[in-house]
file protein07.cif (mmCIF, C-alpha atoms)
data_start
#
loop_
_atom_site.label_atom_id
_atom_site.label_comp_id
_atom_site.auth_asym_id
_atom_site.auth_seq_id
_atom_site.Cartn_x
_atom_site.Cartn_y
_atom_site.Cartn_z
CA MET A 275 57.79 46.19 -16.01
CA SER A 276 58.87 42.75 -17.18
CA PHE A 277 60.01 41.97 -13.62
CA ARG A 278 56.55 42.77 -12.27
CA VAL A 279 54.88 40.60 -14.92
CA SER A 280 57.25 37.73 -14.20
CA GLY A 281 56.57 38.00 -10.47
CA LEU A 282 52.81 38.00 -11.04
CA PHE A 283 53.12 34.99 -13.31
CA ALA A 284 55.18 33.14 -10.71
CA ARG A 285 52.61 33.83 -8.00
CA ARG A 286 49.79 32.64 -10.26
CA LEU A 287 51.77 29.51 -11.13
CA VAL A 288 52.33 28.75 -7.45
CA VAL A 289 48.61 29.19 -6.73
CA THR A 290 47.67 26.99 -9.69
CA LEU A 291 50.08 24.24 -8.68
CA ALA A 292 48.90 24.39 -5.08
CA THR A 293 45.30 24.08 -6.27
CA ILE A 294 46.17 21.08 -8.43
CA VAL A 295 47.99 19.41 -5.55
CA ALA A 296 45.02 20.06 -3.25
CA LEU A 297 42.58 18.62 -5.78
CA VAL A 298 44.76 15.55 -6.27
CA ALA A 299 44.98 15.08 -2.50
CA VAL A 300 41.20 15.37 -2.16
CA ALA A 301 40.67 12.91 -5.01
CA ALA A 302 43.15 10.45 -3.51
CA GLY A 303 41.48 10.78 -0.13
CA ALA A 304 38.09 10.14 -1.71
CA VAL A 305 39.38 7.00 -3.42
CA TYR A 306 40.91 5.58 -0.24
CA ALA A 307 37.76 6.43 1.73
CA TRP A 308 35.44 4.93 -0.89
CA PRO A 309 33.19 2.28 0.76
CA LEU A 310 33.62 -1.19 -0.73
CA ASP A 311 31.08 -3.16 1.28
CA ASP A 312 27.50 -3.93 0.28
CA ASP A 313 24.85 -6.09 1.92
CA GLU A 314 24.24 -7.78 -1.43
CA LEU A 315 27.70 -9.31 -1.21
CA ARG A 316 26.51 -11.65 1.55
CA PRO A 317 23.44 -13.58 0.39
CA ALA A 318 21.76 -15.66 3.07
CA SER A 319 22.54 -19.37 3.06
CA GLN A 320 19.97 -22.02 2.18
CA ARG A 321 19.68 -25.67 3.07
CA PHE A 322 18.48 -28.21 0.51
CA THR A 323 17.71 -31.88 0.63
CA PHE A 324 20.10 -34.14 -1.27
CA ALA A 325 17.43 -34.60 -3.94
CA ALA A 326 16.92 -30.87 -4.31
CA ALA A 327 20.66 -30.21 -4.49
CA THR A 328 21.25 -32.84 -7.16
CA ALA A 329 18.22 -31.56 -9.08
CA ARG A 330 19.81 -28.12 -9.15
CA ILE A 331 23.05 -29.60 -10.47
CA ALA A 332 21.14 -31.50 -13.16
CA ALA A 333 19.19 -28.38 -14.16
CA GLN A 334 22.42 -26.42 -14.43
CA ALA A 335 23.94 -29.14 -16.62
CA ARG A 336 20.92 -29.09 -18.96
CA ALA A 337 21.03 -25.30 -19.21
CA GLU A 338 24.73 -25.26 -20.04
CA GLU A 339 24.34 -28.05 -22.62
CA ALA A 340 21.55 -26.09 -24.30
CA ASP A 341 23.51 -22.84 -24.34
CA PRO A 342 25.59 -22.55 -27.54
CA GLY A 343 27.53 -19.71 -25.94
CA ILE A 344 29.20 -22.01 -23.40
CA ARG A 345 32.11 -24.13 -24.60
CA ALA A 346 31.53 -27.85 -24.02
CA GLU A 347 34.90 -28.35 -22.33
CA CYS A 348 34.10 -25.63 -19.80
CA ARG A 349 30.75 -26.84 -18.51
CA SER A 350 30.16 -27.38 -14.80
CA ARG A 351 30.96 -30.82 -13.44
CA ALA A 352 29.79 -32.98 -10.56
CA LEU A 353 31.06 -36.37 -9.39
CA LEU A 354 28.34 -37.74 -7.16
CA HIS A 355 27.58 -40.86 -5.19
CA PRO A 356 23.93 -42.02 -5.02
CA GLU A 357 23.32 -40.47 -1.62
CA VAL A 358 24.56 -38.00 0.96
CA THR A 359 28.16 -38.80 1.83
CA ALA A 360 30.16 -38.09 4.97
CA LYS A 361 32.18 -35.53 3.01
CA ALA A 362 31.48 -33.13 0.16
CA VAL A 363 33.78 -30.63 -1.49
CA LEU A 364 33.25 -27.57 -3.66
CA MET A 365 36.03 -26.82 -6.15
CA LEU A 366 36.36 -23.30 -7.53
CA HIS A 367 38.49 -22.50 -10.55
CA GLY A 368 40.23 -19.20 -11.13
CA TYR A 369 39.59 -16.19 -13.31
CA LEU A 370 39.47 -17.20 -17.00
CA GLY A 371 39.76 -20.85 -15.94
CA CYS A 372 37.36 -23.78 -16.34
CA PRO A 373 36.07 -26.68 -14.21
CA ALA A 374 38.06 -29.03 -16.48
CA GLN A 375 41.21 -27.92 -14.66
CA PHE A 376 39.95 -29.77 -11.57
CA ALA A 377 38.86 -32.96 -13.37
CA GLU A 378 41.72 -35.21 -12.26
CA LEU A 379 41.91 -33.89 -8.71
CA ALA A 380 38.12 -34.20 -8.41
CA THR A 381 38.31 -37.87 -9.39
CA LEU A 382 40.79 -38.52 -6.58
CA TYR A 383 38.42 -36.92 -4.07
CA HIS A 384 35.44 -38.84 -5.46
CA ASP A 385 37.35 -42.12 -5.20
CA ARG A 386 37.86 -41.33 -1.51
CA GLY A 387 34.13 -41.09 -0.93
CA TYR A 388 33.48 -37.40 -1.53
CA ASN A 389 30.61 -35.88 -3.44
CA VAL A 390 32.33 -33.28 -5.62
CA TYR A 391 30.86 -30.18 -7.27
CA ILE A 392 32.82 -28.02 -9.74
CA PRO A 393 30.64 -25.18 -11.06
CA LEU A 394 31.53 -22.82 -13.88
CA LEU A 395 32.08 -19.25 -12.70
CA PRO A 396 29.58 -16.74 -14.10
CA ARG A 397 30.42 -15.21 -17.51
CA HIS A 398 33.19 -17.79 -17.98
CA GLY A 399 33.75 -20.52 -20.51
CA THR A 400 31.95 -18.66 -23.28
CA VAL A 401 32.64 -18.35 -26.99
CA ASP A 402 32.59 -14.57 -26.51
CA ALA A 403 36.14 -13.51 -25.71
CA ASP A 404 34.80 -10.42 -23.90
CA GLY A 405 31.99 -12.17 -22.07
CA HIS A 406 33.77 -12.04 -18.73
CA THR A 407 34.40 -8.28 -18.71
CA ALA A 408 30.99 -7.37 -17.22
CA LEU A 409 31.42 -9.63 -14.18
CA THR A 410 30.57 -8.01 -10.83
CA ALA A 411 31.45 -8.75 -7.21
CA GLN A 412 27.74 -9.30 -6.48
CA GLU A 413 27.56 -11.97 -9.18
CA LEU A 414 30.62 -13.68 -7.77
CA THR A 415 29.35 -13.89 -4.21
CA ALA A 416 25.84 -14.91 -5.31
CA PHE A 417 27.39 -17.68 -7.42
CA ALA A 418 29.74 -18.83 -4.66
CA GLY A 419 27.00 -18.76 -2.03
CA SER A 420 24.62 -20.79 -4.18
CA ALA A 421 27.36 -23.31 -4.99
CA MET A 422 28.14 -23.67 -1.28
CA ASP A 423 24.46 -24.20 -0.47
CA VAL A 424 24.39 -27.07 -2.95
CA THR A 425 27.66 -28.58 -1.73
CA ALA A 426 26.66 -28.39 1.94
CA SER A 427 23.60 -30.47 1.04
CA LEU A 428 25.70 -33.22 -0.58
CA GLY A 429 27.65 -34.25 2.51
CA SER A 430 27.54 -34.24 6.30
CA GLU A 431 30.76 -32.21 6.22
CA ALA A 432 31.58 -29.75 3.44
CA GLY A 433 34.66 -27.82 2.44
CA VAL A 434 36.13 -25.77 -0.37
CA VAL A 435 39.21 -26.10 -2.59
CA GLY A 436 40.00 -23.04 -4.67
CA SER A 437 42.68 -22.01 -7.14
CA SER A 438 43.86 -18.42 -7.67
CA ALA A 439 40.77 -16.17 -7.69
CA GLY A 440 38.76 -19.29 -6.91
CA ALA A 441 40.81 -19.59 -3.72
CA LEU A 442 39.78 -16.04 -2.85
CA LEU A 443 36.13 -17.03 -3.30
CA ALA A 444 36.78 -20.15 -1.21
CA THR A 445 38.20 -17.95 1.55
CA TRP A 446 35.26 -15.57 1.24
CA LEU A 447 32.88 -18.49 1.76
CA THR A 448 34.90 -19.73 4.71
CA THR A 449 34.60 -16.38 6.49
CA THR A 450 30.97 -15.62 5.53
CA ARG A 451 29.42 -19.10 5.79
CA PRO A 452 30.62 -20.22 9.25
CA GLU A 453 27.98 -22.94 9.51
CA GLN A 454 28.75 -24.51 6.13
CA VAL A 455 32.53 -24.60 5.59
CA HIS A 456 34.54 -27.16 7.57
CA ARG A 457 37.75 -27.21 5.51
CA LEU A 458 39.61 -24.77 3.28
CA LEU A 459 42.43 -25.41 0.83
CA ALA A 460 43.66 -22.28 -0.97
CA VAL A 461 46.00 -23.02 -3.87
CA ALA A 462 47.94 -19.99 -5.16
CA PRO A 463 45.31 -17.67 -3.66
CA PHE A 464 44.83 -14.32 -5.35
CA TYR A 465 44.35 -12.00 -2.39
CA ARG A 466 46.54 -9.28 -3.83
CA PRO A 467 48.63 -8.97 -7.00
CA SER A 468 52.38 -9.19 -6.67
CA SER A 469 54.31 -5.93 -6.53
CA GLU A 470 55.59 -6.81 -9.98
CA GLN A 471 52.00 -6.61 -11.24
CA ALA A 472 50.77 -3.71 -9.08
CA PRO A 473 52.41 -1.95 -6.10
CA SER A 474 50.33 -2.29 -2.94
CA VAL A 475 49.62 1.45 -2.85
CA PHE A 476 47.61 1.02 -6.07
CA VAL A 477 45.44 -1.85 -4.84
CA LYS A 478 42.61 0.16 -3.24
CA PRO A 479 42.54 2.76 -6.06
CA MET A 480 42.32 -0.10 -8.57
CA ALA A 481 39.41 -1.65 -6.67
CA VAL A 482 37.58 1.66 -6.77
CA LEU A 483 38.48 3.18 -10.12
CA TYR A 484 38.23 0.01 -12.19
CA GLY A 485 35.90 -1.96 -9.94
CA PHE A 486 33.21 0.71 -10.04
CA ARG A 487 33.93 1.40 -13.72
CA ILE A 488 35.04 4.99 -13.10
CA LEU A 489 37.99 4.45 -15.43
CA PRO A 490 37.57 2.65 -18.78
CA ASP A 491 38.57 -1.00 -18.67
CA ARG A 492 42.02 -2.16 -19.73
CA ARG A 493 43.46 -5.58 -20.52
CA HIS A 494 46.45 -7.21 -18.90
CA PRO A 495 48.82 -8.83 -21.44
CA VAL A 496 47.55 -12.31 -20.46
CA GLY A 497 43.94 -11.29 -21.14
CA PHE A 498 42.68 -10.27 -17.70
CA SER A 499 40.22 -7.38 -17.54
CA TYR A 500 41.26 -4.77 -14.99
CA ALA A 501 37.60 -4.20 -14.16
CA VAL A 502 37.14 -7.88 -13.33
CA LEU A 503 40.39 -8.17 -11.39
CA ALA A 504 39.12 -5.23 -9.36
CA GLN A 505 35.99 -7.20 -8.42
CA PHE A 506 38.14 -9.91 -6.87
CA ILE A 507 40.40 -7.35 -5.19
CA ARG A 508 37.33 -5.68 -3.72
CA LEU A 509 36.27 -8.94 -2.08
CA SER A 510 39.81 -9.54 -0.86
CA LEU A 511 39.90 -6.15 0.85
CA LEU A 512 36.64 -7.05 2.62
CA LEU A 513 37.82 -10.42 3.97
CA ASP A 514 37.25 -10.70 7.70
CA THR A 515 40.16 -12.79 8.94
CA ASN A 516 39.03 -12.25 12.53
CA ALA A 517 35.69 -14.00 12.03
CA THR A 518 34.82 -16.71 14.55
CA LEU A 519 34.17 -19.90 12.61
CA PRO A 520 33.03 -22.71 14.93
CA ALA A 521 32.60 -25.32 12.16
CA LEU A 522 36.06 -24.79 10.66
CA ARG A 523 38.45 -27.68 11.27
CA ASP A 524 41.33 -27.26 8.84
CA VAL A 525 42.94 -24.42 6.87
CA ALA A 526 45.68 -25.03 4.33
CA VAL A 527 47.48 -23.01 1.67
CA VAL A 528 49.77 -23.90 -1.24
CA THR A 529 52.14 -21.43 -2.89
CA SER A 530 55.00 -21.54 -5.36
CA PRO A 531 58.11 -19.34 -5.33
CA ARG A 532 57.84 -19.23 -9.13
CA ASP A 533 54.42 -17.56 -8.96
CA ARG A 534 54.78 -14.05 -10.43
CA PHE A 535 51.12 -13.06 -10.22
CA ILE A 536 50.22 -13.05 -6.54
CA ASP A 537 51.58 -11.45 -3.40
CA LEU A 538 53.13 -14.55 -1.80
CA LYS A 539 53.34 -13.03 1.66
CA ARG A 540 49.66 -12.11 1.63
CA ALA A 541 48.78 -15.52 0.20
CA THR A 542 50.02 -17.10 3.42
CA SER A 543 49.14 -14.40 5.94
CA VAL A 544 45.40 -14.41 5.19
CA PRO A 545 44.90 -18.15 5.89
CA ALA A 546 47.28 -17.84 8.84
CA GLU A 547 45.16 -15.09 10.40
CA ILE A 548 41.98 -17.14 9.92
CA ALA A 549 43.62 -20.18 11.46
CA GLU A 550 45.03 -18.24 14.42
CA THR A 551 41.70 -16.57 15.16
CA ASN A 552 40.04 -19.97 15.37
CA GLY A 553 42.77 -21.87 17.18
CA ILE A 554 43.62 -24.01 14.17
CA ARG A 555 47.05 -25.03 12.95
CA LEU A 556 47.72 -23.63 9.48
CA ARG A 557 49.03 -26.26 7.10
CA SER A 558 51.13 -24.63 4.40
CA TYR A 559 53.14 -26.05 1.57
CA GLU A 560 55.57 -24.36 -0.80
CA ILE A 561 56.01 -26.18 -4.09
CA PRO A 562 59.75 -26.78 -4.62
CA PRO A 563 61.30 -24.49 -7.26
CA GLU A 564 62.67 -27.49 -9.13
CA ALA A 565 59.11 -28.62 -9.86
CA ASN A 566 58.93 -25.63 -12.23
CA VAL A 567 55.33 -24.83 -11.27
CA GLY A 568 54.18 -21.23 -11.38
CA HIS A 569 50.77 -19.73 -10.69
CA GLU A 570 48.79 -22.52 -12.38
CA ALA A 571 49.16 -25.04 -9.57
CA ILE A 572 45.94 -27.02 -10.18
CA ASP A 573 45.72 -27.43 -13.95
CA PRO A 574 47.32 -30.81 -14.80
CA ALA A 575 48.66 -29.37 -18.05
CA SER A 576 50.87 -27.02 -15.99
CA LEU A 577 52.15 -29.49 -13.40
CA GLY A 578 54.18 -31.87 -15.51
CA PRO A 579 55.72 -34.86 -13.74
CA ALA A 580 55.02 -33.29 -10.32
CA LYS A 581 51.25 -33.64 -10.78
CA ASP A 582 50.57 -36.95 -9.01
CA ALA A 583 52.66 -36.11 -5.95
CA LEU A 584 51.18 -32.62 -5.73
CA TYR A 585 47.60 -33.84 -5.94
CA LEU A 586 48.19 -36.33 -3.12
CA ARG A 587 49.83 -33.56 -1.10
CA TYR A 588 46.79 -31.31 -1.70
CA ILE A 589 44.43 -33.98 -0.40
CA ASP A 590 46.58 -34.53 2.69
CA LEU A 591 46.62 -30.80 3.40
CA TYR A 592 42.87 -30.50 2.92
CA GLU A 593 42.19 -33.42 5.25
CA GLY A 594 44.49 -32.08 7.96
CA ARG A 595 47.61 -34.10 7.31
CA GLY A 596 51.07 -32.94 6.33
#

call {"tool": "encode", "arguments": {"input": "protein07.cif", "output": "structure tokens"}}
result
Amino acid sequence: MSFRVSGLFARRLVVTLATIVALVAVAAGAVYAWPLDDDELRPASQRFTFAAATARIAAQARAEEADPGIRAECRSRALLHPEVTAKAVLMLHGYLGCPAQFAELATLYHDRGYNVYIPLLPRHGTVDADGHTALTAQELTAFAGSAMDVTASLGSEAGVVGSSAGALLATWLTTTRPEQVHRLLAVAPFYRPSSEQAPSVFVKPMAVLYGFRILPDRRHPVGFSYAVLAQFIRLSLLLDTNATLPALRDVAVVTSPRDRFIDLKRATSVPAEIAETNGIRLRSYEIPPEANVGHEAIDPASLGPAKDALYLRYIDLYEGRG
């Protein structure tokens, strides 16, 4: 009798386990098949006069100054000449960063005749430590698109310099605004986390489960929200590196072997694919290990004595030299 009961139990256990495995397989399939694209992620571009563009910048500055929730050191910045210049550049800081990180590099560009715009990412720079956690991919692309519209109206030729997640947004603009972006410099671009942070097999599930708020948010030890990281990953997975970009003249990327946060191979392959598609030579630079620079490769506080040489190198790369 006990033998029969044990055999029945074993059969039921096998059926139960098989059912669980099937359900897990279906769930995994659903996650990997989950659509990430949305028409709202690609707002139409606009063209402004120089006066209208600078008026928008001034209105943004007044709004940020009047908002007690935005820290003074994190407000948007613009270094402008009195009129349209031959060259304009948009600078995009990374997740949990601030425009202040670009202040010194922006001055170098401005001194070379550029009109420079460094806007504050949405839900950033606030006194609320959790203010960034509700950020969405739609907000990011609407912000980036609007910033590019303004920048394209400040100069005859416009380009983008981005750091980390800001470099991802810069790349997104390059591939979705073919008439506006002439140059791209991606510094430590966050296209995918390093395997140390998240194995590649988990990237799409993370974009779905955290990006669409199916799982409750978590915090990385350095303060990143998984839900927000997933918004950037979602955009990265949607990048079209085969887009034909007739206005694009130069593509450059900077990485550091000491960077533990990003997938270094992917950081180079994405710009390389864009450059190859458009018949452009990719200009890449790896910061020497002895410079002791990690992921924060724009912030002057993180560059130490290598700062001046690196900034000049960045400008050369952006302008198609080096």

call {"tool": "residues_around", "arguments": {"input": "protein07.cif", "residues": "Tyr588 of chain A", "least_positions_apart": "4", "cutoff": "10 Å", "atoms": "all atoms listed in the file", "output": "count of residues only"}}
result
18

call {"tool": "resolve_selection", "arguments": {"input": "protein07.cif", "expression": "the PyMOL selection byres ((chain A and resi 314-317) around 7)", "output": "CSV table (one decimal) with C-alpha atoms, in the frame of the given file"}}
result
chain,number,residue,atom,x,y,z
A,312,ASP,CA,27.5,-3.9,0.3
A,313,ASP,CA,24.8,-6.1,1.9
A,318,ALA,CA,21.8,-15.7,3.1
A,319,SER,CA,22.5,-19.4,3.1
A,412,GLN,CA,27.7,-9.3,-6.5
A,415,THR,CA,29.4,-13.9,-4.2
A,416,ALA,CA,25.8,-14.9,-5.3
A,419,GLY,CA,27.0,-18.8,-2.0

call {"tool": "resolve_selection", "arguments": {"input": "protein07.cif", "expression": "the PyMOL selection byres ((chain A and resi 573) around 10)", "output": "list in words"}}
result
His367, Gly371, Cys372, Pro373, Ala374, Gln375, Phe376, Ala377, Glu378, Leu379, Ser437, His569, Glu570, Ala571, Ile572, Pro574, Ala575, Ser576, Leu577, Gly578 and Lys581 of chain A

call {"tool": "atom_distance", "arguments": {"input": "protein07.cif", "atom1": "atom CA of Val482 of chain A", "atom2": "atom CA of Leu519 of chain A"}}
result
29.2 Å

call {"tool": "residues_near_point", "arguments": {"input": "protein07.cif", "point": "(31.7, -1.8, -8.9)", "cutoff": "7 Å", "atoms": "all atoms listed in the file", "output": "list in words"}}
result
Thr410, Gly485, Phe486, Arg487 and Gln505 of chain A

call {"tool": "residues_around", "arguments": {"input": "protein07.cif", "residues": "Gly433 of chain A", "least_positions_apart": "2", "cutoff": "6 Å", "atoms": "all atoms listed in the file", "output": "tab-separated table (two decimals) with C-alpha atoms, keeping the file's coordinate frame"}}
result
chain	number	residue	atom	x	y	z
A	363	VAL	CA	33.78	-30.63	-1.49
A	455	VAL	CA	32.53	-24.60	5.59
A	456	HIS	CA	34.54	-27.16	7.57
A	457	ARG	CA	37.75	-27.21	5.51
A	458	LEU	CA	39.61	-24.77	3.28

call {"tool": "atom_distance", "arguments": {"input": "protein07.cif", "atom1": "atom CA of Leu409 of chain A", "atom2": "atom CA of Leu511 of chain A"}}
result
17.6 Å

call {"tool": "atom_distance", "arguments": {"input": "protein07.cif", "atom1": "atom CA of Ala329 of chain A", "atom2": "atom CA of His406 of chain A"}}
result
26.8 Å

call {"tool": "build_atoms", "arguments": {"input": "protein07.cif", "residues": "segment 536-562 of chain A", "atoms": "N, CA and C atoms", "output": "PDB file, keeping the file's coordinate frame"}}
result
ATOM      1  N   ILE A 536      50.843 -13.363  -7.824  1.00  0.00           N
ATOM      2  CA  ILE A 536      50.220 -13.050  -6.540  1.00  0.00           C
ATOM      3  C   ILE A 536      51.251 -12.575  -5.522  1.00  0.00           C
ATOM      4  N   ASP A 537      50.763 -11.863  -4.530  1.00  0.00           N
ATOM      5  CA  ASP A 537      51.580 -11.450  -3.400  1.00  0.00           C
ATOM      6  C   ASP A 537      51.750 -12.682  -2.500  1.00  0.00           C
ATOM      7  N   LEU A 538      52.918 -13.293  -2.506  1.00  0.00           N
ATOM      8  CA  LEU A 538      53.130 -14.550  -1.800  1.00  0.00           C
ATOM      9  C   LEU A 538      53.014 -14.387  -0.285  1.00  0.00           C
ATOM     10  N   LYS A 539      53.450 -13.258   0.224  1.00  0.00           N
ATOM     11  CA  LYS A 539      53.340 -13.030   1.660  1.00  0.00           C
ATOM     12  C   LYS A 539      51.877 -12.956   2.080  1.00  0.00           C
ATOM     13  N   ARG A 540      51.088 -12.227   1.329  1.00  0.00           N
ATOM     14  CA  ARG A 540      49.660 -12.110   1.630  1.00  0.00           C
ATOM     15  C   ARG A 540      48.943 -13.438   1.434  1.00  0.00           C
ATOM     16  N   ALA A 541      49.404 -14.223   0.469  1.00  0.00           N
ATOM     17  CA  ALA A 541      48.780 -15.520   0.200  1.00  0.00           C
ATOM     18  C   ALA A 541      48.837 -16.427   1.414  1.00  0.00           C
ATOM     19  N   THR A 542      49.880 -16.290   2.207  1.00  0.00           N
ATOM     20  CA  THR A 542      50.020 -17.100   3.420  1.00  0.00           C
ATOM     21  C   THR A 542      49.441 -16.422   4.647  1.00  0.00           C
ATOM     22  N   SER A 543      49.565 -15.098   4.725  1.00  0.00           N
ATOM     23  CA  SER A 543      49.140 -14.400   5.940  1.00  0.00           C
ATOM     24  C   SER A 543      47.622 -14.430   6.136  1.00  0.00           C
ATOM     25  N   VAL A 544      46.854 -14.386   5.048  1.00  0.00           N
ATOM     26  CA  VAL A 544      45.400 -14.410   5.190  1.00  0.00           C
ATOM     27  C   VAL A 544      44.923 -15.732   5.804  1.00  0.00           C
ATOM     28  N   PRO A 545      45.299 -16.897   5.233  1.00  0.00           N
ATOM     29  CA  PRO A 545      44.900 -18.150   5.890  1.00  0.00           C
ATOM     30  C   PRO A 545      45.473 -18.284   7.303  1.00  0.00           C
ATOM     31  N   ALA A 546      46.674 -17.759   7.503  1.00  0.00           N
ATOM     32  CA  ALA A 546      47.280 -17.840   8.840  1.00  0.00           C
ATOM     33  C   ALA A 546      46.466 -17.066   9.865  1.00  0.00           C
ATOM     34  N   GLU A 547      45.983 -15.892   9.481  1.00  0.00           N
ATOM     35  CA  GLU A 547      45.160 -15.090  10.400  1.00  0.00           C
ATOM     36  C   GLU A 547      43.846 -15.789  10.708  1.00  0.00           C
ATOM     37  N   ILE A 548      43.229 -16.402   9.706  1.00  0.00           N
ATOM     38  CA  ILE A 548      41.980 -17.140   9.920  1.00  0.00           C
ATOM     39  C   ILE A 548      42.225 -18.308  10.870  1.00  0.00           C
ATOM     40  N   ALA A 549      43.302 -19.033  10.620  1.00  0.00           N
ATOM     41  CA  ALA A 549      43.620 -20.180  11.460  1.00  0.00           C
ATOM     42  C   ALA A 549      43.901 -19.749  12.902  1.00  0.00           C
ATOM     43  N   GLU A 550      44.686 -18.706  13.069  1.00  0.00           N
ATOM     44  CA  GLU A 550      45.030 -18.240  14.420  1.00  0.00           C
ATOM     45  C   GLU A 550      43.796 -17.778  15.177  1.00  0.00           C
ATOM     46  N   THR A 551      42.927 -17.048  14.512  1.00  0.00           N
ATOM     47  CA  THR A 551      41.700 -16.570  15.160  1.00  0.00           C
ATOM     48  C   THR A 551      40.887 -17.731  15.712  1.00  0.00           C
ATOM     49  N   ASN A 552      40.904 -18.851  15.009  1.00  0.00           N
ATOM     50  CA  ASN A 552      40.040 -19.970  15.370  1.00  0.00           C
ATOM     51  C   ASN A 552      40.788 -21.133  16.026  1.00  0.00           C
ATOM     52  N   GLY A 553      42.019 -20.855  16.449  1.00  0.00           N
ATOM     53  CA  GLY A 553      42.770 -21.870  17.180  1.00  0.00           C
ATOM     54  C   GLY A 553      43.090 -23.099  16.373  1.00  0.00           C
ATOM     55  N   ILE A 554      43.340 -22.898  15.081  1.00  0.00           N
ATOM     56  CA  ILE A 554      43.620 -24.010  14.170  1.00  0.00           C
ATOM     57  C   ILE A 554      45.063 -23.899  13.691  1.00  0.00           C
ATOM     58  N   ARG A 555      45.700 -25.023  13.507  1.00  0.00           N
ATOM     59  CA  ARG A 555      47.050 -25.030  12.950  1.00  0.00           C
ATOM     60  C   ARG A 555      46.972 -24.838  11.431  1.00  0.00           C
ATOM     61  N   LEU A 556      47.642 -23.830  10.927  1.00  0.00           N
ATOM     62  CA  LEU A 556      47.720 -23.630   9.480  1.00  0.00           C
ATOM     63  C   LEU A 556      48.655 -24.671   8.884  1.00  0.00           C
ATOM     64  N   ARG A 557      48.189 -25.311   7.832  1.00  0.00           N
ATOM     65  CA  ARG A 557      49.030 -26.260   7.100  1.00  0.00           C
ATOM     66  C   ARG A 557      49.410 -25.585   5.778  1.00  0.00           C
ATOM     67  N   SER A 558      50.670 -25.323   5.599  1.00  0.00           N
ATOM     68  CA  SER A 558      51.130 -24.630   4.400  1.00  0.00           C
ATOM     69  C   SER A 558      52.175 -25.467   3.684  1.00  0.00           C
ATOM     70  N   TYR A 559      52.192 -25.309   2.376  1.00  0.00           N
ATOM     71  CA  TYR A 559      53.140 -26.050   1.570  1.00  0.00           C
ATOM     72  C   TYR A 559      53.644 -25.163   0.440  1.00  0.00           C
ATOM     73  N   GLU A 560      54.950 -25.103   0.302  1.00  0.00           N
ATOM     74  CA  GLU A 560      55.570 -24.360  -0.800  1.00  0.00           C
ATOM     75  C   GLU A 560      56.094 -25.362  -1.816  1.00  0.00           C
ATOM     76  N   ILE A 561      55.588 -25.275  -3.030  1.00  0.00           N
ATOM     77  CA  ILE A 561      56.010 -26.180  -4.090  1.00  0.00           C
ATOM     78  C   ILE A 561      57.499 -25.934  -4.372  1.00  0.00           C
ATOM     79  N   PRO A 562      58.311 -26.971  -4.391  1.00  0.00           N
ATOM     80  CA  PRO A 562      59.750 -26.780  -4.620  1.00  0.00           C
ATOM     81  C   PRO A 562      60.028 -26.096  -5.961  1.00  0.00           C
TER      82      PRO A 562
END
